[in-house]
$ cat input.txt   # compact mmCIF, C-alpha atoms
# COMPACT_ATOMS: atom_id res chain seq x y z
CA MET E 166 -225.55 117.31 18.32
CA ILE E 167 -223.58 114.80 16.25
CA SER E 168 -220.70 116.32 14.25
CA GLN E 169 -220.27 115.90 10.49
CA ILE E 170 -217.37 113.52 11.13
CA ASP E 171 -219.66 111.36 13.23
CA LYS E 172 -222.26 111.37 10.45
CA THR E 173 -219.63 110.05 8.10
CA GLU E 174 -218.58 107.40 10.60
CA LEU E 175 -222.19 106.32 11.08
CA LEU E 176 -222.81 106.03 7.34
CA GLU E 177 -219.56 104.19 6.71
CA ARG E 178 -220.26 101.71 9.47
CA PHE E 179 -223.70 101.00 8.08
CA LEU E 180 -222.49 100.59 4.51
CA HIS E 181 -219.78 98.22 5.70
CA TYR E 182 -222.18 96.06 7.73
CA VAL E 183 -224.69 95.65 4.88
CA SER E 184 -221.88 94.18 2.76
CA PHE E 185 -222.06 91.04 4.92
CA ASP E 186 -224.57 88.46 3.64
CA THR E 187 -226.26 87.45 6.89
CA GLN E 188 -229.59 86.18 5.63
CA SER E 189 -231.09 83.64 8.02
CA LYS E 190 -232.30 80.29 6.68
CA PRO E 191 -235.89 79.10 7.28
CA ASN E 192 -236.30 75.82 9.15
CA ALA E 193 -232.69 75.92 10.36
CA LYS E 194 -232.00 73.70 13.35
CA HIS E 195 -228.76 75.31 14.48
CA SER E 196 -227.55 78.88 14.85
CA PRO E 197 -226.00 80.71 13.14
CA SER E 198 -227.92 79.52 10.11
CA SER E 199 -225.58 81.31 7.69
CA VAL E 200 -221.81 81.73 7.57
CA GLY E 201 -222.09 85.49 7.09
CA GLN E 202 -223.54 85.95 10.54
CA MET E 203 -220.41 84.52 12.18
CA LYS E 204 -218.24 86.65 9.89
CA LEU E 205 -220.06 89.80 10.98
CA ALA E 206 -219.92 88.70 14.62
CA MET E 207 -216.13 88.36 14.38
CA GLN E 208 -215.86 91.78 12.76
CA LEU E 209 -217.90 93.36 15.56
CA GLN E 210 -215.77 91.63 18.18
CA LYS E 211 -212.70 93.25 16.66
CA GLU E 212 -214.33 96.68 16.61
CA LEU E 213 -215.61 96.41 20.19
CA ILE E 214 -212.13 95.56 21.41
CA GLN E 215 -210.74 98.57 19.51
CA LEU E 216 -213.34 100.76 21.23
CA GLY E 217 -212.08 99.62 24.62
CA LEU E 218 -214.94 97.43 25.76
CA GLU E 219 -214.28 94.58 28.14
CA ASN E 220 -215.19 90.88 28.15
CA VAL E 221 -215.77 90.93 24.40
CA GLU E 222 -216.76 87.41 23.37
CA VAL E 223 -218.27 85.58 20.42
CA SER E 224 -219.98 82.30 21.25
CA LYS E 225 -220.03 79.32 18.92
CA TYR E 226 -223.60 80.37 18.12
CA ALA E 227 -222.39 83.81 16.89
CA VAL E 228 -223.76 85.72 19.88
CA VAL E 229 -221.53 88.73 20.58
CA THR E 230 -221.40 90.09 24.14
CA ALA E 231 -219.36 92.93 25.64
CA PHE E 232 -219.26 95.24 28.65
CA LEU E 233 -218.34 98.88 29.16
CA PRO E 234 -218.11 99.89 32.84
CA ALA E 235 -219.50 103.20 34.01
CA ASN E 236 -217.09 106.14 34.05
CA ASP E 237 -219.02 107.96 36.77
CA PRO E 238 -219.36 106.38 40.24
CA ASN E 239 -222.78 107.99 40.66
CA LEU E 240 -224.20 106.12 37.64
CA THR E 241 -224.84 102.68 39.09
CA LYS E 242 -227.44 101.31 36.70
CA THR E 243 -226.55 98.73 34.06
CA ILE E 244 -228.38 99.07 30.75
CA GLY E 245 -228.24 96.64 27.83
CA LEU E 246 -228.23 97.39 24.10
CA ILE E 247 -229.15 94.65 21.62
CA ALA E 248 -229.35 94.35 17.83
CA HIS E 249 -229.53 91.30 15.60
CA LEU E 250 -227.01 90.24 12.97
CA ASP E 251 -229.25 88.49 10.47
CA THR E 252 -231.52 89.73 7.71
CA SER E 253 -234.89 88.36 6.67
CA PRO E 254 -235.18 85.10 4.70
CA GLN E 255 -238.04 86.69 2.75
CA CYS E 256 -235.71 88.61 0.43
CA SER E 257 -232.12 88.11 -0.68
CA GLY E 258 -229.40 89.90 1.25
CA LYS E 259 -226.52 88.79 -0.97
CA ASN E 260 -224.39 91.36 -2.81
CA VAL E 261 -226.30 94.33 -1.46
CA ARG E 262 -225.54 97.44 -3.51
CA PRO E 263 -226.58 100.43 -1.42
CA GLU E 264 -227.31 103.79 -3.00
CA VAL E 265 -227.10 107.06 -1.06
CA ILE E 266 -229.63 109.72 -2.05
CA GLU E 267 -228.60 113.17 -0.79
CA GLN E 268 -231.41 115.58 0.08
CA TYR E 269 -234.35 113.53 -1.15
CA ARG E 270 -236.61 115.88 -3.10
CA GLY E 271 -239.79 113.85 -2.97
CA GLY E 272 -241.47 111.68 -5.57
CA ASP E 273 -240.57 108.20 -6.75
CA ILE E 274 -237.16 106.70 -6.06
CA ALA E 275 -235.93 104.53 -8.91
CA LEU E 276 -233.87 101.59 -7.68
CA GLY E 277 -230.90 100.40 -9.72
CA ILE E 278 -231.74 100.44 -13.42
CA GLY E 279 -235.29 101.53 -12.66
CA GLU E 280 -237.26 98.30 -12.74
CA GLU E 281 -238.25 98.83 -9.09
CA PHE E 282 -239.58 102.05 -7.55
CA ILE E 283 -240.25 103.26 -4.03
CA SER E 284 -243.22 105.56 -4.39
CA PRO E 285 -244.97 107.93 -1.94
CA VAL E 286 -248.19 106.85 -3.65
CA TYR E 287 -247.85 103.59 -1.70
CA TYR E 288 -245.67 104.79 1.17
CA SER E 289 -247.08 108.02 2.59
CA PHE E 290 -244.30 108.25 5.22
CA MET E 291 -241.92 109.34 2.44
CA GLN E 292 -243.40 112.83 2.59
CA LYS E 293 -241.77 113.21 6.01
CA LEU E 294 -238.35 112.36 4.59
CA VAL E 295 -238.07 115.17 2.03
CA GLY E 296 -234.70 116.89 2.45
CA GLN E 297 -233.09 113.96 4.24
CA THR E 298 -230.31 111.64 3.12
CA LEU E 299 -231.77 108.22 2.29
CA ILE E 300 -230.04 104.90 1.75
CA VAL E 301 -231.73 102.30 -0.47
CA ALA E 302 -230.68 99.11 -2.27
CA ASP E 303 -230.63 98.63 -6.04
CA GLY E 304 -233.95 96.78 -6.36
CA THR E 305 -232.48 93.27 -6.48
CA THR E 306 -232.05 92.73 -2.71
CA LEU E 307 -233.21 94.11 0.57
CA LEU E 308 -230.98 96.80 2.09
CA GLY E 309 -230.31 95.22 5.47
CA ALA E 310 -231.32 98.18 7.63
CA ASP E 311 -233.15 95.55 9.66
CA ASN E 312 -230.95 95.32 11.63
CA LYS E 313 -227.58 96.58 10.38
CA ALA E 314 -228.87 100.09 11.13
CA GLY E 315 -229.32 99.12 14.78
CA ILE E 316 -225.81 97.67 14.90
CA ALA E 317 -224.28 100.78 13.31
CA GLU E 318 -226.17 103.03 15.72
CA ILE E 319 -225.01 101.14 18.80
CA MET E 320 -221.41 101.01 17.62
CA THR E 321 -221.39 104.71 16.73
CA ALA E 322 -222.89 105.67 20.09
CA LEU E 323 -220.20 103.65 21.89
CA SER E 324 -217.52 105.33 19.78
CA ILE E 325 -218.80 108.81 20.67
CA LEU E 326 -219.06 107.96 24.37
CA GLN E 327 -215.44 106.85 24.37
CA LYS E 328 -214.01 109.65 22.23
CA GLU E 329 -215.78 112.44 24.12
CA ASN E 330 -215.59 110.78 27.55
CA ILE E 331 -219.30 111.39 28.13
CA PRO E 332 -220.50 110.24 31.58
CA HIS E 333 -222.42 106.99 31.24
CA CYS E 334 -223.74 104.07 33.25
CA ASN E 335 -222.61 100.45 32.96
CA ILE E 336 -223.37 99.19 29.46
CA ARG E 337 -223.88 95.66 28.25
CA VAL E 338 -223.92 95.06 24.51
CA ALA E 339 -225.17 92.03 22.59
CA PHE E 340 -225.51 91.23 18.92
CA THR E 341 -227.63 88.16 18.22
CA PRO E 342 -228.03 85.78 15.26
CA ASP E 343 -231.16 84.43 13.56
CA GLU E 344 -233.68 86.82 15.11
CA GLU E 345 -235.74 86.73 11.94
CA ILE E 346 -236.46 83.01 12.36
CA GLY E 347 -236.77 83.13 16.17
CA LEU E 348 -233.82 80.80 16.66
CA GLY E 349 -230.69 82.62 17.78
CA ILE E 350 -232.10 84.13 20.96
CA HIS E 351 -232.50 80.64 22.41
CA TYR E 352 -228.69 80.57 22.65
CA PHE E 353 -228.52 83.94 24.44
CA PRO E 354 -226.13 83.80 27.45
CA MET E 355 -228.31 85.39 30.13
CA GLU E 356 -225.56 84.73 32.69
CA LYS E 357 -223.29 87.17 30.80
CA PHE E 358 -225.90 89.87 30.39
CA SER E 359 -226.96 90.88 33.89
CA CYS E 360 -228.51 94.35 33.74
CA ASP E 361 -231.36 96.38 35.17
CA TRP E 362 -233.10 96.46 31.80
CA ALA E 363 -232.19 96.53 28.11
CA TYR E 364 -233.32 97.92 24.76
CA THR E 365 -233.44 96.28 21.36
CA ILE E 366 -232.55 98.86 18.70
CA ASP E 367 -234.75 97.28 16.06
CA GLY E 368 -237.73 99.54 15.41
CA GLY E 369 -238.70 101.62 12.41
CA GLU E 370 -239.89 105.21 12.13
CA VAL E 371 -238.23 107.91 14.21
CA GLY E 372 -239.83 108.15 17.66
CA GLU E 373 -241.09 104.59 17.88
CA LEU E 374 -240.97 103.17 21.38
CA GLU E 375 -242.47 99.71 21.56
CA TYR E 376 -243.07 97.58 24.62
CA GLU E 377 -246.11 95.51 23.69
CA ASN E 378 -246.08 92.71 21.14
CA PHE E 379 -248.10 89.75 19.96
CA ASN E 380 -248.35 86.53 21.82
CA ALA E 381 -247.25 84.18 19.06
CA ALA E 382 -247.50 80.53 18.09
CA THR E 383 -247.03 78.44 14.96
CA ALA E 384 -249.48 75.68 14.00
CA LYS E 385 -248.68 72.95 11.48
CA VAL E 386 -251.60 70.93 10.11
CA ARG E 387 -250.75 67.78 8.14
CA PHE E 388 -253.09 66.02 5.71
CA PHE E 389 -252.58 62.50 4.36
CA GLY E 390 -253.95 61.21 1.09
CA ARG E 391 -253.74 58.26 -1.28
CA SER E 392 -252.70 58.69 -4.88
CA ILE E 393 -253.85 56.59 -7.83
CA HIS E 394 -254.21 57.14 -11.58
CA PRO E 395 -256.91 59.83 -11.94
CA GLY E 396 -258.65 57.80 -14.63
CA TYR E 397 -259.41 55.09 -12.10
CA ALA E 398 -259.60 57.21 -8.95
CA LYS E 399 -263.30 56.97 -8.12
CA GLY E 400 -263.74 55.59 -4.64
CA LYS E 401 -259.99 55.09 -4.26
CA MET E 402 -258.13 58.40 -4.35
CA VAL E 403 -257.87 60.63 -1.28
CA ASN E 404 -256.48 64.02 -2.37
CA ALA E 405 -254.59 65.70 0.47
CA LEU E 406 -254.49 68.95 -1.53
CA THR E 407 -258.27 69.06 -1.71
CA LEU E 408 -258.59 68.30 2.00
CA ALA E 409 -256.18 71.13 2.84
CA CYS E 410 -258.09 73.61 0.66
CA GLU E 411 -261.34 72.66 2.35
CA PHE E 412 -259.81 73.04 5.80
CA GLN E 413 -258.48 76.51 4.99
CA GLN E 414 -262.03 77.71 4.27
CA ILE E 415 -262.92 77.21 7.95
CA PHE E 416 -260.97 80.28 9.12
CA PRO E 417 -262.58 83.72 9.60
CA VAL E 418 -261.94 85.67 6.40
CA ASP E 419 -261.40 89.01 8.16
CA GLU E 420 -258.95 87.77 10.79
CA VAL E 421 -255.88 87.82 8.55
CA PRO E 422 -252.85 90.19 8.44
CA GLU E 423 -254.03 92.03 5.34
CA LYS E 424 -257.29 93.02 7.06
CA THR E 425 -256.13 93.81 10.61
CA ASP E 426 -254.03 96.42 12.38
CA GLY E 427 -253.45 97.89 15.84
CA LYS E 428 -253.97 95.23 18.46
CA ALA E 429 -256.25 93.01 16.38
CA GLY E 430 -255.02 89.42 16.23
CA PHE E 431 -255.06 87.09 13.25
CA TYR E 432 -254.47 83.69 11.69
CA HIS E 433 -251.97 83.73 8.86
CA LEU E 434 -251.52 80.90 6.38
CA GLU E 435 -247.77 81.27 5.85
CA ASP E 436 -246.98 78.14 3.87
CA PHE E 437 -248.87 75.52 1.82
CA SER E 438 -246.71 72.66 0.62
CA GLY E 439 -247.21 69.10 -0.53
CA ASP E 440 -248.95 66.90 -3.09
CA ILE E 441 -251.80 64.39 -3.33
CA GLU E 442 -250.13 62.07 -0.82
CA GLN E 443 -249.32 64.62 1.89
CA VAL E 444 -249.81 68.34 2.55
CA GLU E 445 -248.64 70.57 5.37
CA LEU E 446 -250.22 73.94 6.17
CA THR E 447 -248.27 76.33 8.40
CA TYR E 448 -250.23 78.98 10.29
CA LEU E 449 -249.00 81.89 12.36
CA ILE E 450 -251.30 82.59 15.32
CA ARG E 451 -251.05 86.09 16.78
CA ASP E 452 -252.90 88.06 19.48
CA PHE E 453 -251.97 90.73 22.03
CA ASP E 454 -254.52 89.52 24.56
CA GLU E 455 -253.48 86.36 26.37
CA GLN E 456 -257.04 85.04 26.69
CA ASN E 457 -257.80 85.65 23.02
CA PHE E 458 -254.51 84.02 22.12
CA ALA E 459 -255.50 80.89 24.03
CA GLN E 460 -258.89 80.91 22.30
CA ARG E 461 -257.24 81.10 18.87
CA LYS E 462 -255.15 78.03 19.61
CA ALA E 463 -258.21 76.25 20.96
CA PHE E 464 -260.13 77.15 17.78
CA ILE E 465 -257.62 75.38 15.55
CA LYS E 466 -257.59 72.34 17.83
CA SER E 467 -261.37 72.11 17.77
CA GLN E 468 -261.55 72.52 13.99
CA VAL E 469 -259.06 69.71 13.49
CA GLU E 470 -261.15 67.46 15.73
CA LYS E 471 -264.38 68.37 13.89
CA PHE E 472 -262.76 67.89 10.50
CA ASN E 473 -261.52 64.45 11.45
CA ALA E 474 -264.91 63.46 12.84
CA LYS E 475 -266.68 64.70 9.70
CA LYS E 476 -264.36 63.05 7.19
CA GLY E 477 -263.70 59.76 8.94
CA LEU E 478 -260.29 59.56 7.29
CA LYS E 479 -258.29 56.36 7.51
CA LYS E 480 -255.35 58.51 8.57
CA PRO E 481 -256.70 61.60 10.35
CA ILE E 482 -255.10 64.99 9.94
CA GLU E 483 -252.47 65.91 12.52
CA LEU E 484 -251.90 69.15 14.42
CA GLU E 485 -248.76 70.51 16.03
CA ILE E 486 -248.80 73.86 17.85
CA GLN E 487 -245.67 75.49 19.23
CA ASP E 488 -245.55 78.77 21.16
CA SER E 489 -243.00 81.25 19.79
CA TYR E 490 -242.96 84.25 22.13
CA GLN E 491 -245.18 86.15 24.54
CA ASN E 492 -246.24 89.76 25.06
CA MET E 493 -243.31 91.55 26.69
CA TYR E 494 -245.58 94.10 28.38
CA ASP E 495 -246.27 91.73 31.25
CA VAL E 496 -242.62 92.21 32.28
CA VAL E 497 -241.93 95.75 31.05
CA LYS E 498 -244.83 97.21 33.03
CA ASN E 499 -243.00 96.19 36.21
CA VAL E 500 -239.95 98.23 35.18
CA PRO E 501 -241.54 101.58 34.20
CA GLN E 502 -238.13 103.31 34.38
CA SER E 503 -237.22 101.59 31.10
CA ILE E 504 -240.02 103.43 29.31
CA GLU E 505 -239.61 106.70 31.23
CA LEU E 506 -235.88 106.91 30.48
CA ALA E 507 -236.41 106.35 26.77
CA ASP E 508 -239.18 108.96 26.72
CA ARG E 509 -236.98 111.55 28.44
CA ALA E 510 -234.04 110.81 26.17
CA MET E 511 -236.11 111.23 23.02
CA LYS E 512 -237.58 114.52 24.19
CA ALA E 513 -234.12 115.78 25.22
CA VAL E 514 -232.81 115.39 21.66
CA GLY E 515 -235.93 116.76 19.99
CA VAL E 516 -237.65 113.51 19.07
CA LYS E 517 -241.35 113.06 19.83
CA PRO E 518 -241.94 109.61 21.37
CA SER E 519 -244.56 107.45 19.70
CA HIS E 520 -245.72 104.54 21.82
CA LYS E 521 -247.08 101.79 19.63
CA PRO E 522 -247.55 98.02 19.77
CA ILE E 523 -245.29 95.73 17.74
CA ARG E 524 -247.26 93.66 15.27
CA GLY E 525 -244.52 91.08 15.37
CA GLY E 526 -241.80 90.05 17.77
CA THR E 527 -238.26 90.95 18.74
CA ASP E 528 -235.52 89.32 20.74
CA GLY E 529 -236.85 91.49 23.56
CA ALA E 530 -240.00 89.36 23.75
CA PHE E 531 -237.93 86.27 24.52
CA LEU E 532 -235.76 88.14 27.00
CA ALA E 533 -238.88 89.40 28.74
CA SER E 534 -239.97 85.78 29.16
CA LYS E 535 -236.71 85.34 31.09
CA GLY E 536 -237.53 88.32 33.31
CA LEU E 537 -235.54 91.07 31.52
CA ALA E 538 -237.55 94.15 30.54
CA CYS E 539 -236.50 95.03 27.00
CA PRO E 540 -238.44 97.74 25.10
CA ASN E 541 -237.73 98.34 21.41
CA ILE E 542 -236.44 101.63 19.99
CA PHE E 543 -236.54 103.03 16.44
CA THR E 544 -233.70 102.82 13.91
CA GLY E 545 -234.98 105.23 11.27
CA GLY E 546 -235.69 102.42 8.79
CA TYR E 547 -238.77 101.56 6.73
CA ASN E 548 -240.21 98.78 4.54
CA PHE E 549 -238.23 96.04 6.24
CA HIS E 550 -237.97 92.56 4.64
CA SER E 551 -238.39 93.89 1.12
CA LYS E 552 -236.57 95.31 -1.91
CA HIS E 553 -238.17 98.65 -1.02
CA GLU E 554 -236.37 98.85 2.32
CA LEU E 555 -234.78 102.22 3.08
CA VAL E 556 -233.26 104.11 5.98
CA SER E 557 -232.83 107.79 6.73
CA LEU E 558 -229.35 108.92 7.80
CA GLN E 559 -230.95 111.67 9.89
CA GLY E 560 -233.16 109.05 11.53
CA MET E 561 -230.09 106.98 12.34
CA GLU E 562 -228.44 110.05 13.86
CA ASN E 563 -231.54 110.54 16.02
CA THR E 564 -231.19 106.98 17.29
CA VAL E 565 -227.52 107.51 18.17
CA GLN E 566 -228.45 110.68 20.06
CA VAL E 567 -231.20 108.86 21.96
CA ILE E 568 -228.88 105.98 22.90
CA ILE E 569 -226.23 108.37 24.24
CA GLU E 570 -228.81 110.36 26.17
CA MET E 571 -230.30 107.21 27.72
CA LEU E 572 -226.89 105.99 28.84
CA LYS E 573 -226.36 109.23 30.77
CA CYS E 574 -229.16 107.90 33.02
CA LYS E 575 -230.51 111.34 33.84
CA GLY E 576 -233.33 111.28 36.37
CA LEU E 577 -232.48 107.83 37.75
$ encode --input "input.txt" --output "structure tokens"
Amino acid sequence: MISQIDKTELLERFLHYVSFDTQSKPNAKHSPSSVGQMKLAMQLQKELIQLGLENVEVSKYAVVTAFLPANDPNLTKTIGLIAHLDTSPQCSGKNVRPEVIEQYRGGDIALGIGEEFISPVYYSFMQKLVGQTLIVADGTTLLGADNKAGIAEIMTALSILQKENIPHCNIRVAFTPDEEIGLGIHYFPMEKFSCDWAYTIDGGEVGELEYENFNAATAKVRFFGRSIHPGYAKGKMVNALTLACEFQQIFPVDEVPEKTDGKAGFYHLEDFSGDIEQVELTYLIRDFDEQNFAQRKAFIKSQVEKFNAKKGLKKPIELEIQDSYQNMYDVVKNVPQSIELADRAMKAVGVKPSHKPIRGGTDGAFLASKGLACPNIFTGGYNFHSKHELVSLQGMENTVQVIIEMLKCKGL
């Protein structure tokens, strides 16, 4: 079990990391998209060196890599641990003011001065957290558990391994920028991260073990209009806003995020921007099944063609589709030891594994596309990307225990 001193270290690390403003910036072209990510990367480099890791480097893209050789000649596997530096662009991560709630007694949690509440009426999982130590923000920002919790858990596990000289395999560590906008992983130095398999420490509820995710793409549909004084617009004006609204009605009303779960795919209108002259709609396309995913992309293409044929516009609407990431299971299934080891480690420390699909993506999905199996493991956090984000200290301890147990490589 983790000692009280280690609990304090874990909490202090986490509280320190959330003080860095590492919010990623939408539509960024270069990584890191925020200065805070490089600042945190440099801080982690310093700490990794202090912990005795080797080849500790920070790239110009704020990717941190390090290596800890095995201390037992019989442990020949090399396992990677990955967490991302950035926080979501959907909610501010500046001047985070964390609050520690000892022995949560149940009921609503008032954030800051009480204008925001986290309530079990909306979040039934809170019933499982009664008696635990919870960390929340003050209701003006997100907390940053996604993924500062993962970073703190990896760093604490490394610290314990070194202090207690626990037998472990070869370990590669990476901290990546701009995961939330799918940008930073494209600068990942695969040549410096050779390993048998890896884990992203980026999940939520205790026990989560994820190795299936959406196939993902982004579609941008552009509409072009012609503006003129509305009093004299008959037969002359072409309203791009009206065209875009009409096009949006084509999509199946039940195939949206708010009406789907499990492995059901969807179309998600993420952004609607523009004016009479020009409008751009941004859609997220998601599906676990590769064939269904292809059909979803084909559906949008066909609807654009039909819309153009129907309207006979002088300047037809335009479509751009870009794939984002693929289902990692196609790679992970060929490395079953990655799942088996995580399962055994969880059970060994008293955590019940919960295999579930990721209704989103992680850096692991991109790494899988490069041939590296990379399942995702829980952090003990909840309500990511929002002011209602929280993390359980006991859940974080569980993650540290699981990481240490995995790195012992028992049964391999």
$ residues_around --input "input.txt" --residues "segment 454-461 of chain E" --least-positions-apart "3" --cutoff "10 Å" --atoms "all atoms listed in the file" --output "ChimeraX atom specification"
/E:378-382,428-432,450-451,464-467,491-492
$ atom_distance --input "input.txt" --atom1 "atom CA of Ala193 of chain E" --atom2 "atom CA of Asp367 of chain E"
22.2 Å
$ closest_residue --input "input.txt" --among "E:Glu411, E:Asp528, E:Asp426, E:Asp311" --to "Phe472 of chain E" --atoms "all atoms listed in the file"
E:Glu411
$ closest_residue --input "input.txt" --among "E:Ile350, E:Val556, E:Ala538, E:Leu577" --to "Glu505 of chain E" --atoms "all atoms listed in the file"
E:Leu577
$ closest_residue --input "input.txt" --among "E:Asp452, E:Asp495, E:Asp343, E:Glu356" --to "Gly201 of chain E" --atoms "all atoms listed in the file"
E:Asp343
$ closest_residue --input "input.txt" --among "E:Gly368, E:Gly245, E:Gly347, E:Gly529" --to "Asp488 of chain E" --atoms "only C-alpha atoms"
E:Gly347
$ atom_distance --input "input.txt" --atom1 "atom CA of Val418 of chain E" --atom2 "atom CA of Leu449 of chain E"
14.7 Å
$ closest_residue --input "input.txt" --among "E:Glu344, E:Asp419, E:Glu177, E:Glu483" --to "Phe389 of chain E" --atoms "all atoms listed in the file"
E:Glu483
$ atom_distance --input "input.txt" --atom1 "atom CA of Tyr182 of chain E" --atom2 "atom CA of Ile247 of chain E"
15.6 Å
$ closest_residue --input "input.txt" --among "E:Lys242, E:Lys293, E:Lys385, E:Arg178" --to "Leu434 of chain E" --atoms "all atoms listed in the file"
E:Lys385
$ decode --input "input.txt" --residues "segment 439-454 of chain E" --atoms "N, CA and C atoms" --output "CSV table (one decimal), in the first residue's frame"
chain,number,residue,atom,x,y,z
E,439,GLY,N,-20.2,32.3,-39.3
E,439,GLY,CA,-20.2,33.0,-40.6
E,439,GLY,C,-21.3,34.1,-40.6
E,440,ASP,N,-21.7,34.5,-41.8
E,440,ASP,CA,-22.7,35.6,-42.1
E,440,ASP,C,-23.4,35.3,-43.4
E,441,ILE,N,-24.1,36.3,-43.9
E,441,ILE,CA,-24.8,36.1,-45.2
E,441,ILE,C,-23.9,35.7,-46.3
E,442,GLU,N,-22.7,36.3,-46.3
E,442,GLU,CA,-21.8,36.1,-47.4
E,442,GLU,C,-21.1,34.7,-47.4
E,443,GLN,N,-20.8,34.2,-46.2
E,443,GLN,CA,-20.1,32.9,-46.1
E,443,GLN,C,-20.3,32.3,-44.7
E,444,VAL,N,-20.6,31.0,-44.7
E,444,VAL,CA,-20.8,30.2,-43.5
E,444,VAL,C,-19.9,28.9,-43.6
E,445,GLU,N,-19.4,28.5,-42.4
E,445,GLU,CA,-18.7,27.2,-42.4
E,445,GLU,C,-19.3,26.4,-41.2
E,446,LEU,N,-19.7,25.2,-41.5
E,446,LEU,CA,-20.2,24.2,-40.5
E,446,LEU,C,-19.1,23.2,-40.3
E,447,THR,N,-18.8,22.9,-39.0
E,447,THR,CA,-17.8,21.9,-38.7
E,447,THR,C,-18.5,20.8,-38.0
E,448,TYR,N,-18.3,19.6,-38.6
E,448,TYR,CA,-18.9,18.3,-38.1
E,448,TYR,C,-17.8,17.4,-37.6
E,449,LEU,N,-18.1,16.7,-36.4
E,449,LEU,CA,-17.3,15.6,-36.0
E,449,LEU,C,-18.0,14.4,-36.5
E,450,ILE,N,-17.3,13.4,-37.1
E,450,ILE,CA,-17.9,12.2,-37.6
E,450,ILE,C,-17.2,11.1,-36.7
E,451,ARG,N,-18.0,10.2,-36.1
E,451,ARG,CA,-17.5,9.2,-35.2
E,451,ARG,C,-18.2,7.9,-35.4
E,452,ASP,N,-17.4,6.8,-35.4
E,452,ASP,CA,-18.0,5.5,-35.4
E,452,ASP,C,-16.9,4.4,-35.0
E,453,PHE,N,-17.3,3.4,-34.2
E,453,PHE,CA,-16.3,2.4,-33.8
E,453,PHE,C,-16.1,1.4,-35.0
E,454,ASP,N,-17.1,1.2,-35.8
E,454,ASP,CA,-17.0,0.2,-36.9
E,454,ASP,C,-16.4,0.9,-38.1
